[in-house]
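Everything below belongs to structure-v7.cif, which stores mmCIF, C-alpha atoms and all ligand atoms.
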data_model
loop_
_atom_site.label_atom_id
_atom_site.label_comp_id
_atom_site.auth_asym_id
_atom_site.auth_seq_id
_atom_site.Cartn_x
_atom_site.Cartn_y
_atom_site.Cartn_z
CA MET R 19 21.79 -13.26 1.17
CA THR R 20 18.16 -14.08 0.62
CA LEU R 21 15.30 -11.70 0.06
CA HIS R 22 12.13 -13.66 0.75
CA ILE R 23 9.13 -12.08 -0.99
CA ASP R 24 5.66 -13.27 -0.01
CA LEU R 25 3.53 -12.99 -3.15
CA GLN R 26 0.46 -14.15 -1.26
CA ALA R 27 0.87 -11.25 1.15
CA ILE R 28 1.13 -8.84 -1.81
CA VAL R 29 -2.08 -10.29 -3.25
CA ALA R 30 -3.76 -10.07 0.18
CA ASN R 31 -2.70 -6.42 0.52
CA TRP R 32 -4.02 -5.64 -2.97
CA THR R 33 -7.32 -7.35 -2.14
CA ALA R 34 -7.59 -5.48 1.17
CA LEU R 35 -6.90 -2.08 -0.44
CA ALA R 36 -9.33 -2.84 -3.29
CA ALA R 37 -11.99 -3.67 -0.69
CA LYS R 38 -11.51 -0.22 0.89
CA ALA R 39 -12.52 1.37 -2.43
CA PRO R 40 -15.43 -0.85 -3.48
CA GLY R 41 -16.74 1.64 -6.04
CA ALA R 42 -13.45 1.78 -7.91
CA ARG R 43 -11.30 -0.57 -9.98
CA ALA R 44 -8.01 -1.29 -8.22
CA ALA R 45 -4.87 -0.98 -10.30
CA ALA R 46 -1.39 -2.08 -9.19
CA VAL R 47 1.64 0.20 -9.32
CA VAL R 48 4.68 -1.90 -10.25
CA LYS R 49 7.18 0.82 -11.20
CA ALA R 50 10.85 0.45 -10.21
CA ASP R 51 10.57 -3.34 -10.57
CA ALA R 52 7.59 -3.46 -8.20
CA TYR R 53 9.41 -1.33 -5.61
CA GLY R 54 12.40 -3.66 -5.84
CA LEU R 55 10.44 -6.86 -5.30
CA GLY R 56 10.30 -8.13 -8.90
CA ALA R 57 7.62 -6.88 -11.30
CA ALA R 58 7.96 -10.04 -13.41
CA LYS R 59 6.64 -12.05 -10.46
CA VAL R 60 4.41 -9.48 -8.77
CA ALA R 61 2.42 -8.29 -11.80
CA PRO R 62 1.35 -11.78 -13.01
CA ALA R 63 0.36 -12.73 -9.44
CA LEU R 64 -1.83 -9.61 -9.20
CA TYR R 65 -3.26 -10.27 -12.66
CA GLN R 66 -4.29 -13.72 -11.45
CA ALA R 67 -5.94 -12.08 -8.45
CA GLY R 68 -7.97 -9.89 -10.80
CA ALA R 69 -5.89 -6.75 -11.45
CA ARG R 70 -6.11 -5.52 -15.04
CA ASP R 71 -4.58 -2.06 -14.70
CA PHE R 72 -0.86 -1.65 -14.04
CA PHE R 73 1.32 1.42 -13.72
CA VAL R 74 5.02 1.79 -14.47
CA ALA R 75 7.14 4.95 -14.56
CA LEU R 76 8.94 4.39 -17.86
CA ALA R 77 8.16 2.95 -21.27
CA SER R 78 11.17 0.63 -20.89
CA GLU R 79 9.58 -0.85 -17.75
CA GLY R 80 6.33 -1.32 -19.63
CA ARG R 81 8.06 -3.04 -22.54
CA ALA R 82 9.72 -5.51 -20.15
CA LEU R 83 6.37 -6.26 -18.53
CA ARG R 84 4.22 -6.46 -21.68
CA PRO R 85 5.11 -10.07 -22.70
CA LEU R 86 4.51 -11.28 -19.13
CA LEU R 87 0.87 -10.19 -18.97
CA PRO R 88 -2.13 -11.22 -21.09
CA GLY R 89 -3.40 -8.80 -23.71
CA ASP R 90 -6.31 -7.52 -21.61
CA ALA R 91 -3.90 -6.11 -19.00
CA ARG R 92 -3.46 -2.37 -19.47
CA ILE R 93 0.06 -1.12 -18.74
CA ASN R 94 0.03 2.62 -18.10
CA VAL R 95 3.24 4.65 -18.37
CA LEU R 96 3.36 7.55 -15.92
CA SER R 97 6.07 9.49 -17.76
CA GLY R 98 3.72 9.65 -20.73
CA HIS R 99 4.92 9.99 -24.30
CA MET R 100 8.54 11.06 -24.19
CA ASP R 101 10.30 11.86 -27.44
CA GLY R 102 11.46 8.64 -29.11
CA ALA R 103 9.71 6.29 -26.67
CA ASP R 104 8.44 2.94 -27.99
CA LEU R 105 4.91 2.67 -26.57
CA THR R 106 3.76 -0.41 -28.48
CA GLY R 107 1.14 -2.18 -26.38
CA LEU R 108 1.35 0.46 -23.64
CA VAL R 109 -0.88 3.33 -22.49
CA PRO R 110 1.00 6.61 -21.99
CA VAL R 111 -0.38 8.94 -19.33
CA LEU R 112 0.06 12.23 -21.20
CA ASN R 113 1.30 14.99 -18.94
CA SER R 114 1.34 18.12 -21.08
CA PRO R 115 -0.26 19.55 -24.21
CA GLU R 116 3.08 18.89 -25.93
CA GLN R 117 2.87 15.18 -25.01
CA PHE R 118 -0.79 15.06 -26.10
CA PHE R 119 -0.13 16.50 -29.56
CA ARG R 120 2.99 14.36 -30.03
CA ASP R 121 1.06 11.24 -29.05
CA ARG R 122 -1.94 11.95 -31.25
CA ALA R 123 0.32 12.68 -34.21
CA MET R 124 2.36 9.47 -33.75
CA ARG R 125 -0.23 7.07 -32.29
CA PRO R 126 -3.60 8.14 -33.69
CA GLY R 127 -6.43 5.95 -32.39
CA LYS R 128 -4.17 4.21 -29.85
CA PRO R 129 -5.12 4.26 -26.13
CA PHE R 130 -3.87 7.02 -23.88
CA ALA R 131 -4.68 8.63 -20.54
CA ILE R 132 -4.30 12.15 -19.17
CA GLN R 133 -2.64 13.48 -16.04
CA LEU R 134 -3.71 16.83 -14.59
CA ASP R 135 -1.74 18.85 -12.07
CA THR R 136 -3.91 19.71 -9.07
CA GLY R 137 -1.22 21.34 -6.95
CA MET R 138 1.79 19.05 -6.65
CA ASN R 139 3.53 20.81 -9.55
CA ARG R 140 5.37 17.71 -10.65
CA LEU R 141 3.55 16.09 -13.58
CA GLY R 142 0.36 16.90 -15.42
CA MET R 143 -1.41 19.65 -17.30
CA GLU R 144 -2.17 22.84 -15.42
CA ALA R 145 -5.75 24.11 -15.26
CA ALA R 146 -5.27 26.69 -18.01
CA GLU R 147 -3.55 24.23 -20.34
CA TRP R 148 -6.29 21.71 -19.70
CA SER R 149 -9.18 24.06 -20.33
CA ALA R 150 -7.61 25.12 -23.63
CA ILE R 151 -7.49 21.56 -25.03
CA ARG R 152 -10.06 19.76 -22.89
CA ALA R 153 -12.67 19.44 -25.65
CA GLU R 154 -10.12 18.09 -28.12
CA VAL R 155 -8.73 15.62 -25.56
CA LEU R 156 -12.17 14.34 -24.60
CA ALA R 157 -13.10 13.91 -28.26
CA ALA R 158 -10.07 11.60 -28.60
CA LYS R 159 -11.51 9.44 -25.76
CA PRO R 160 -8.83 8.99 -23.09
CA ASP R 161 -8.94 5.74 -21.05
CA PHE R 162 -8.99 7.81 -17.85
CA ILE R 163 -8.00 11.15 -16.34
CA MET R 164 -5.82 11.17 -13.24
CA SER R 165 -4.00 13.39 -10.79
CA HIS R 166 -1.75 12.66 -7.81
CA LEU R 167 -1.92 13.77 -4.17
CA ALA R 168 1.16 15.30 -2.56
CA CYS R 169 0.21 14.80 1.12
CA ALA R 170 -2.14 11.80 1.23
CA ASP R 171 -0.06 10.17 3.98
CA GLU R 172 -1.12 13.07 6.26
CA PRO R 173 -4.92 12.81 6.46
CA ASP R 174 -5.33 16.24 8.07
CA HIS R 175 -3.14 18.10 5.61
CA PRO R 176 -5.15 20.88 3.93
CA ALA R 177 -3.56 20.08 0.56
CA ASN R 178 -5.72 16.94 0.31
CA ALA R 179 -9.05 18.77 0.25
CA MET R 180 -7.54 21.49 -1.92
CA GLN R 181 -6.31 19.00 -4.53
CA LEU R 182 -9.63 17.12 -4.41
CA ALA R 183 -11.53 20.34 -5.10
CA ALA R 184 -9.16 21.23 -7.93
CA PHE R 185 -9.53 17.76 -9.46
CA ARG R 186 -13.32 18.01 -9.27
CA ALA R 187 -13.31 21.48 -10.80
CA MET R 188 -11.16 20.28 -13.70
CA THR R 189 -13.00 16.99 -14.38
CA ASP R 190 -16.64 17.29 -13.28
CA GLY R 191 -18.84 16.70 -16.30
CA CYS R 192 -16.27 14.56 -18.15
CA THR R 193 -17.74 11.14 -18.90
CA VAL R 194 -14.33 9.51 -18.58
CA PRO R 195 -13.11 7.35 -15.66
CA ARG R 196 -11.20 9.36 -13.07
CA SER R 197 -8.32 8.41 -10.75
CA LEU R 198 -6.82 10.39 -7.87
CA ALA R 199 -5.82 7.98 -5.08
CA ALA R 200 -2.62 6.01 -4.48
CA THR R 201 -2.27 4.04 -1.22
CA GLY R 202 -2.63 7.12 0.97
CA GLY R 203 -5.58 8.44 -1.00
CA ILE R 204 -7.44 5.12 -0.65
CA LEU R 205 -7.14 5.49 3.12
CA LEU R 206 -8.52 9.07 2.99
CA GLY R 207 -11.97 7.68 2.21
CA PRO R 208 -14.55 7.44 -0.56
CA ASP R 209 -14.41 11.10 -1.65
CA TYR R 210 -10.96 10.36 -3.02
CA HIS R 211 -11.64 7.04 -4.76
CA PHE R 212 -13.36 7.99 -8.05
CA ASP R 213 -13.23 5.15 -10.62
CA LEU R 214 -9.68 3.79 -10.46
CA VAL R 215 -7.30 3.62 -7.48
CA ARG R 216 -3.54 3.18 -7.86
CA PRO R 217 -1.98 1.50 -4.80
CA GLY R 218 1.77 0.93 -4.79
CA ILE R 219 3.56 0.92 -1.45
CA GLY R 220 0.63 -0.60 0.43
CA LEU R 221 0.86 -3.73 -1.74
CA TYR R 222 4.44 -4.16 -0.59
CA GLY R 223 3.59 -4.04 3.10
CA ALA R 224 4.65 -0.55 4.11
CA LEU R 225 3.18 2.71 5.43
CA PRO R 226 0.85 4.47 5.06
CA PHE R 227 -1.06 1.13 4.91
CA ALA R 228 -0.57 0.32 8.59
CA ASP R 229 -2.71 -2.85 8.39
CA ALA R 230 -0.67 -4.36 5.57
CA GLN R 231 0.61 -7.90 5.82
CA PRO R 232 4.42 -8.01 5.89
CA VAL R 233 5.85 -8.97 2.51
CA VAL R 234 9.63 -8.99 2.86
CA ARG R 235 12.08 -10.97 4.95
CA LEU R 236 15.77 -10.26 4.39
CA SER R 237 18.17 -12.91 5.73
CA LEU R 238 21.92 -12.32 5.74
CA PRO R 239 24.53 -15.04 6.22
CA VAL R 240 27.18 -14.83 8.94
CA ILE R 241 30.71 -15.12 7.49
CA GLN R 242 32.67 -15.33 10.73
CA ALA R 243 32.48 -14.52 14.42
CA ARG R 244 35.12 -13.37 16.94
CA THR R 245 35.38 -12.23 20.52
CA VAL R 246 36.60 -8.67 21.06
CA GLN R 247 38.09 -7.57 24.36
CA PRO R 248 37.24 -4.41 26.32
CA GLY R 249 38.82 -1.41 24.59
CA GLU R 250 38.95 -3.03 21.14
CA PHE R 251 37.02 -1.32 18.38
CA VAL R 252 34.97 -2.63 15.44
CA GLY R 253 34.69 -1.29 11.91
CA TYR R 254 35.64 1.81 9.92
CA SER R 255 36.58 4.93 11.82
CA ALA R 256 36.50 2.91 15.07
CA THR R 257 33.10 4.34 16.00
CA TRP R 258 32.27 1.47 18.41
CA THR R 259 34.42 0.15 21.21
CA ALA R 260 33.69 -2.89 23.37
CA ASP R 261 33.13 -2.12 27.07
CA ALA R 262 33.26 -5.83 27.97
CA PRO R 263 34.16 -9.04 26.12
CA ARG R 264 31.69 -9.17 23.23
CA ARG R 265 31.01 -11.77 20.54
CA ILE R 266 30.87 -10.05 17.14
CA ALA R 267 29.48 -11.66 13.99
CA THR R 268 30.31 -10.32 10.54
CA VAL R 269 27.47 -10.58 8.07
CA ALA R 270 27.63 -10.56 4.25
CA ALA R 271 25.73 -7.46 3.09
CA GLY R 272 26.34 -3.74 3.21
CA TYR R 273 25.47 -0.41 1.72
CA ALA R 274 26.16 -1.75 -1.80
CA ASP R 275 23.10 -3.93 -1.16
CA GLY R 276 20.91 -1.02 -0.11
CA ILE R 277 21.52 -1.31 3.61
CA LEU R 278 21.87 2.41 4.04
CA ARG R 279 25.04 3.50 5.82
CA SER R 280 22.95 6.03 7.70
CA ILE R 281 21.52 3.24 9.93
CA SER R 282 24.98 2.87 11.54
CA SER R 283 24.91 3.59 15.29
CA LYS R 284 21.18 4.37 15.28
CA GLY R 285 19.96 1.35 17.22
CA ALA R 286 19.08 -1.01 14.35
CA SER R 287 19.52 -4.73 14.96
CA LEU R 288 19.68 -8.01 13.13
CA TYR R 289 17.38 -10.72 14.43
CA ALA R 290 18.01 -14.35 15.29
CA ALA R 291 14.69 -16.15 15.63
CA GLY R 292 13.14 -12.99 17.04
CA ARG R 293 16.07 -12.00 19.30
CA ALA R 294 17.67 -8.62 18.64
CA CYS R 295 21.42 -8.45 17.97
CA PRO R 296 22.52 -4.80 17.74
CA ILE R 297 24.45 -3.63 14.70
CA VAL R 298 27.75 -2.23 15.99
CA GLY R 299 30.17 0.07 14.17
CA ARG R 300 29.64 1.36 10.65
CA VAL R 301 27.81 -0.45 7.88
CA SER R 302 30.48 -0.97 5.21
CA MET R 303 30.08 -1.69 1.50
CA ASP R 304 29.68 -5.47 1.75
CA LEU R 305 29.65 -6.19 5.48
CA ILE R 306 27.80 -5.48 8.72
CA THR R 307 29.08 -6.25 12.21
CA VAL R 308 26.63 -7.42 14.84
CA ASP R 309 26.83 -8.06 18.59
CA VAL R 310 25.65 -11.66 19.11
CA THR R 311 26.96 -12.01 22.68
CA GLU R 312 23.49 -12.71 24.07
CA LEU R 313 22.91 -15.70 21.77
CA ASP R 314 23.84 -19.25 22.84
CA ASP R 315 25.21 -20.03 19.36
CA VAL R 316 26.17 -17.94 16.37
CA PRO R 317 23.43 -18.62 13.82
CA ARG R 318 24.00 -19.23 10.11
CA ASP R 319 21.80 -16.29 9.16
CA LEU R 320 20.48 -13.11 10.75
CA ASP R 321 17.44 -11.15 9.58
CA LEU R 322 17.55 -7.43 8.85
CA ILE R 323 13.93 -7.12 7.71
CA CYS R 324 11.46 -9.32 9.59
CA PRO R 325 8.28 -8.90 11.66
CA GLU R 326 10.37 -7.60 14.61
CA GLN R 327 12.01 -4.95 12.40
CA PRO R 328 9.73 -4.12 9.49
CA VAL R 329 10.67 -1.96 6.52
CA ASP R 330 9.31 1.21 8.13
CA ARG R 331 11.27 0.70 11.36
CA LEU R 332 14.45 0.32 9.33
CA ALA R 333 13.47 3.45 7.41
CA ASP R 334 13.16 5.37 10.70
CA PHE R 335 16.70 4.36 11.69
CA ALA R 336 17.95 5.59 8.31
CA GLY R 337 15.96 8.84 8.44
CA THR R 338 14.01 7.89 5.33
CA ILE R 339 10.78 6.19 4.21
CA GLY R 340 9.86 2.57 3.44
CA TYR R 341 9.72 3.40 -0.28
CA GLU R 342 13.44 4.19 -0.31
CA ILE R 343 14.39 1.11 1.74
CA LEU R 344 12.53 -1.21 -0.66
CA THR R 345 13.69 0.41 -3.89
CA SER R 346 17.30 0.45 -2.63
CA LEU R 347 17.42 -3.33 -2.03
CA GLY R 348 20.32 -4.43 -4.18
CA LEU R 349 20.80 -6.86 -7.01
CA ARG R 350 23.12 -9.23 -5.12
CA TYR R 351 20.33 -10.85 -3.11
CA ASP R 352 18.84 -14.17 -4.10
CA ARG R 353 15.22 -13.19 -4.43
CA THR R 354 12.77 -15.99 -3.67
CA TRP R 355 9.04 -15.63 -4.20
CA GLN R 356 6.59 -17.83 -2.36
C1 LIG A 1 4.14 5.92 -7.31
C2 LIG A 1 2.80 6.41 -7.68
C3 LIG A 1 1.64 5.78 -7.21
C4 LIG A 1 1.68 4.74 -6.11
O1 LIG A 1 1.88 5.44 -4.91
P1 LIG A 1 1.98 4.70 -3.48
O2 LIG A 1 2.12 5.82 -2.52
O3 LIG A 1 3.20 3.85 -3.57
O4 LIG A 1 0.75 3.91 -3.31
C5 LIG A 1 0.41 6.17 -7.71
N1 LIG A 1 0.33 7.16 -8.61
C6 LIG A 1 1.41 7.83 -9.08
C7 LIG A 1 1.24 8.92 -10.06
C8 LIG A 1 2.67 7.49 -8.62
O5 LIG A 1 3.75 8.16 -9.06
#

Is it possible to express this structure as structure tokens?
Ligand SMILES: *Cc1c(COP(=O)(O)O)cnc(C)c1O
Amino acid sequence: MTLHIDLQAIVANWTALAAKAPGARAAAVVKADAYGLGAAKVAPALYQAGARDFFVALASEGRALRPLLPGDARINVLSGHMDGADLTGLVPVLNSPEQFFRDRAMRPGKPFAIQLDTGMNRLGMEAAEWSAIRAEVLAAKPDFIMSHLACADEPDHPANAMQLAAFRAMTDGCTVPRSLAATGGILLGPDYHFDLVRPGIGLYGALPFADAQPVVRLSLPVIQARTVQPGEFVGYSATWTADAPRRIATVAAGYADGILRSISSKGASLYAAGRACPIVGRVSMDLITVDVTELDDVPRDLDLICPEQPVDRLADFAGTIGYEILTSLGLRYDRTWQ
């Protein structure tokens, strides 16, 4: 089971997204272990390419990353200053007045950033909270002020312009760098770019960055193959029955490895040198069964994620998004970075 991760493609995607926002600094979002692809490899590669701003979700992720990046890399923690968190060497993005006062009491003079809520109602200070402490926050000199778009993957969604107007109303006149756009926001155009952009998913080759270079190839070894006769079934609950003699290969990976069970019977395939071999029957915990009848030989490995079936196609079969496919990829794979 090998998860091939193309670091050069990640760097190329970062460079391409940065070039779409030439007036802004491009950060790199490496939360959830760089969307499952290995923050310890991805973040240093992006640092080498010029990234100096990194985002993680949790202080624990930041602490793991800190020794792997030079001191001039800023590691921003999106959950901010939670009670008891160790933020040594990290920059909390403070999400509420409570977090701001806690942080200033415990880390006076240390760097911090601010998140404002502009309509998503998930993280960040609301307009009234912000206006009450804005002067005090600005006097403490935040690294930047940010907010997050709820619908940036839908360019025509009215929430985008609404959130942009709210962000402007809350931050115009502040002489502090501003940040609003993740991958989707970068693609919405220059109005959304401000001073710092925060691409995540686009670095890893998935939508909404449709022009991304593919980053992941997932190859799964065949354990055995057999011929099933017409009327014989394959897999749990006997959901698939052969209508003719079929050659079935059993492959070593399953839903315990993040191959969502919901792709069963939806038309997903494994690929042998570009040729589709349909998945038949249910995905089980450690195994997948595949119809390889059309191949001349049973190959050693079959690919689940490859140019013929990219992350987003697999996500469609599972009724989910590329983000969930990537962050579900399990710990049993040999990850190789080239
Ligand atoms: C995850 C996240 C990002 C990155 O978003 P993508 O859609 O993956 O580019 C940026 N900002 C915040 C606040 C996030 O939570």

(request) Could I get the residue neighbourhood of ligand LIG 1 (chain A) at 10 Å, counting only C-alpha atoms and all ligand atoms, as JSON, numbers by chain? (result) {"R": [45, 46, 47, 48, 49, 50, 52, 53, 73, 74, 75, 95, 96, 97, 111, 133, 140, 141, 142, 164, 165, 166, 167, 168, 169, 170, 171, 197, 198, 199, 200, 201, 202, 203, 204, 215, 216, 217, 218, 219, 220, 221, 222, 224, 225, 226, 227, 340, 341]}

(request) For R:Val310, list every protein, DNA or RNA residue within 8 Å, evaluated using only C-alpha atoms, and leave out those in the same chain fewer than 6 positions away; present the list as a PyMOL selection string. (result) chain R and resi 264-267+295-296+316

(request) Choose the residue, out of R:Asn94, R:Val301, R:Leu206, R:Arg279, that has the smallest atom-to-atom separation from R:Asp174; count all atoms listed in the file. (result)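 Checking each candidate against R:Asp174, we get R:Leu206 as the closest.
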
(request) Quote the spacing between atom CA of R:Glu144 and atom CA of R:Phe162 in Å to one decimal place. (result)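 Value for the atom CA of R:Glu144-atom CA of R:Phe162 distance: 16.7 Å.
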
(request) Point out the residue among R:Glu172, R:Asp104, R:Asp209, R:Asp304 with the least atom-to-atom distance to R:Gly348, counting all atoms listed in the file. (result)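 When distances to R:Gly348 are compared using all atoms listed in the file, the smallest one comes from R:Asp304.
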
(request) Between R:Thr193, R:Asn113, R:Ser302, R:Gln247, single out the one closest to R:Lys159, counting only C-alpha atoms. (result)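 Ranked by minimum distance to R:Lys159, first place goes to R:Thr193.
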
(message) (27.8, -1.9, 8.9) in this file's frame - what residues fall within 9 Å of it? Use only C-alpha atoms and give the answer as a PyMOL selection string.
(response) chain R and resi 253-254+268-269+271-273+277-279+281-283+297-308

(request) Would you mind reading off the distance between atom CA of R:Pro317 and atom CA of R:Ala291, one decimal, in Å? (result) 9.3 Å

(request) Tell me, in Å to one decimal, how far atom CA of R:Leu86 is from atom CA of R:Met100. (result)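 Interatomic distance here is 23.3 Å.
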
(message) Would you pick out the contacts of R:Pro85 at 12 Å or less, using only C-alpha atoms, so that residues sharing its chain but fewer than 2 positions from it are not included, and give the list as a list in words?
(response)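 Answer for this query is Ala58, Ala61, Pro62, Glu79, Gly80, Arg81, Ala82, Leu83, Leu87, Pro88, Gly89, Asp90, Ala91, Arg92, Ile93, Thr106, Gly107 and Leu108 of chain R.
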
(request) Would you please work out which residue, of R:Gly249, R:Cys324, R:Thr20, R:Pro160, is nearest to R:Arg293 when using only C-alpha atoms? (result)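 Nearest to R:Arg293: R:Cys324.
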
(request) May I have the protein, DNA and RNA residues with an atom at most 9 Å from (-12.1, 1.6, -5.1), counting only C-alpha atoms in the file's coordinates, returned as a list in words? (result)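 Result, sorted by chain then residue number: Leu35, Ala36, Ala37, Lys38, Ala39, Pro40, Gly41, Ala42, Arg43, Ala44, Ala199, Ile204, Pro208, His211, Phe212, Asp213, Leu214 and Val215 of chain R.
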
(request) Skip R:Arg122 itself and residues of its chain fewer than 6 positions away, then list as a PyMOL selection string all residues within 10 Å of it, counting only C-alpha atoms. (result) chain R and resi 99+128-130+155+158

Selection to disk with C-alpha atoms, as a PDB file, keeping the file's coordinate frame:
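Writing the result to again_2.pdb gives the following:
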ATOM      1  CA  HIS R  99       4.920   9.990 -24.300  1.00  0.00           C
ATOM      2  CA  LYS R 128      -4.170   4.210 -29.850  1.00  0.00           C
ATOM      3  CA  PRO R 129      -5.120   4.260 -26.130  1.00  0.00           C
ATOM      4  CA  PHE R 130      -3.870   7.020 -23.880  1.00  0.00           C
ATOM      5  CA  VAL R 155      -8.730  15.620 -25.560  1.00  0.00           C
ATOM      6  CA  ALA R 158     -10.070  11.600 -28.600  1.00  0.00           C
TER       7      ALA R 158
END

Final N, CA, C and O atoms of stretch 259-273 of chain R as a tab-separated table (two decimals), in the coordinates of the input:
chain	number	residue	atom	x	y	z
R	259	THR	N	33.38	0.80	20.43
R	259	THR	CA	34.42	0.15	21.21
R	259	THR	C	33.76	-0.74	22.24
R	259	THR	O	32.78	-0.34	22.89
R	260	ALA	N	34.27	-1.95	22.40
R	260	ALA	CA	33.69	-2.89	23.37
R	260	ALA	C	33.97	-2.41	24.79
R	260	ALA	O	35.07	-1.95	25.10
R	261	ASP	N	32.94	-2.48	25.66
R	261	ASP	CA	33.13	-2.12	27.07
R	261	ASP	C	33.27	-3.38	27.93
R	261	ASP	O	33.49	-3.29	29.14
R	262	ALA	N	33.14	-4.54	27.29
R	262	ALA	CA	33.26	-5.83	27.97
R	262	ALA	C	33.57	-6.83	26.87
R	262	ALA	O	33.45	-6.49	25.69
R	263	PRO	N	33.97	-8.05	27.19
R	263	PRO	CA	34.16	-9.04	26.12
R	263	PRO	C	32.86	-9.23	25.37
R	263	PRO	O	31.81	-9.45	25.98
R	264	ARG	N	32.91	-9.06	24.05
R	264	ARG	CA	31.69	-9.17	23.23
R	264	ARG	C	31.97	-10.12	22.07
R	264	ARG	O	33.07	-10.15	21.52
R	265	ARG	N	30.93	-10.88	21.69
R	265	ARG	CA	31.01	-11.77	20.54
R	265	ARG	C	30.45	-11.01	19.34
R	265	ARG	O	29.30	-10.52	19.38
R	266	ILE	N	31.26	-10.85	18.30
R	266	ILE	CA	30.87	-10.05	17.14
R	266	ILE	C	30.78	-10.95	15.91
R	266	ILE	O	31.74	-11.65	15.58
R	267	ALA	N	29.65	-10.92	15.24
R	267	ALA	CA	29.48	-11.66	13.99
R	267	ALA	C	29.55	-10.68	12.82
R	267	ALA	O	29.04	-9.56	12.91
R	268	THR	N	30.21	-11.12	11.75
R	268	THR	CA	30.31	-10.32	10.54
R	268	THR	C	29.42	-10.94	9.47
R	268	THR	O	29.52	-12.14	9.19
R	269	VAL	N	28.56	-10.12	8.92
R	269	VAL	CA	27.47	-10.58	8.07
R	269	VAL	C	27.70	-10.06	6.65
R	269	VAL	O	28.18	-8.94	6.47
R	270	ALA	N	27.32	-10.88	5.65
R	270	ALA	CA	27.63	-10.56	4.25
R	270	ALA	C	26.54	-9.72	3.60
R	270	ALA	O	25.68	-10.25	2.90
R	271	ALA	N	26.56	-8.43	3.84
R	271	ALA	CA	25.73	-7.46	3.09
R	271	ALA	C	26.11	-6.09	3.62
R	271	ALA	O	26.54	-5.96	4.78
R	272	GLY	N	25.96	-5.08	2.78
R	272	GLY	CA	26.34	-3.74	3.21
R	272	GLY	C	25.63	-2.69	2.40
R	272	GLY	O	24.59	-2.96	1.79
R	273	TYR	N	26.20	-1.49	2.39
R	273	TYR	CA	25.47	-0.41	1.72
R	273	TYR	C	25.39	-0.61	0.22
R	273	TYR	O	24.49	-0.08	-0.43
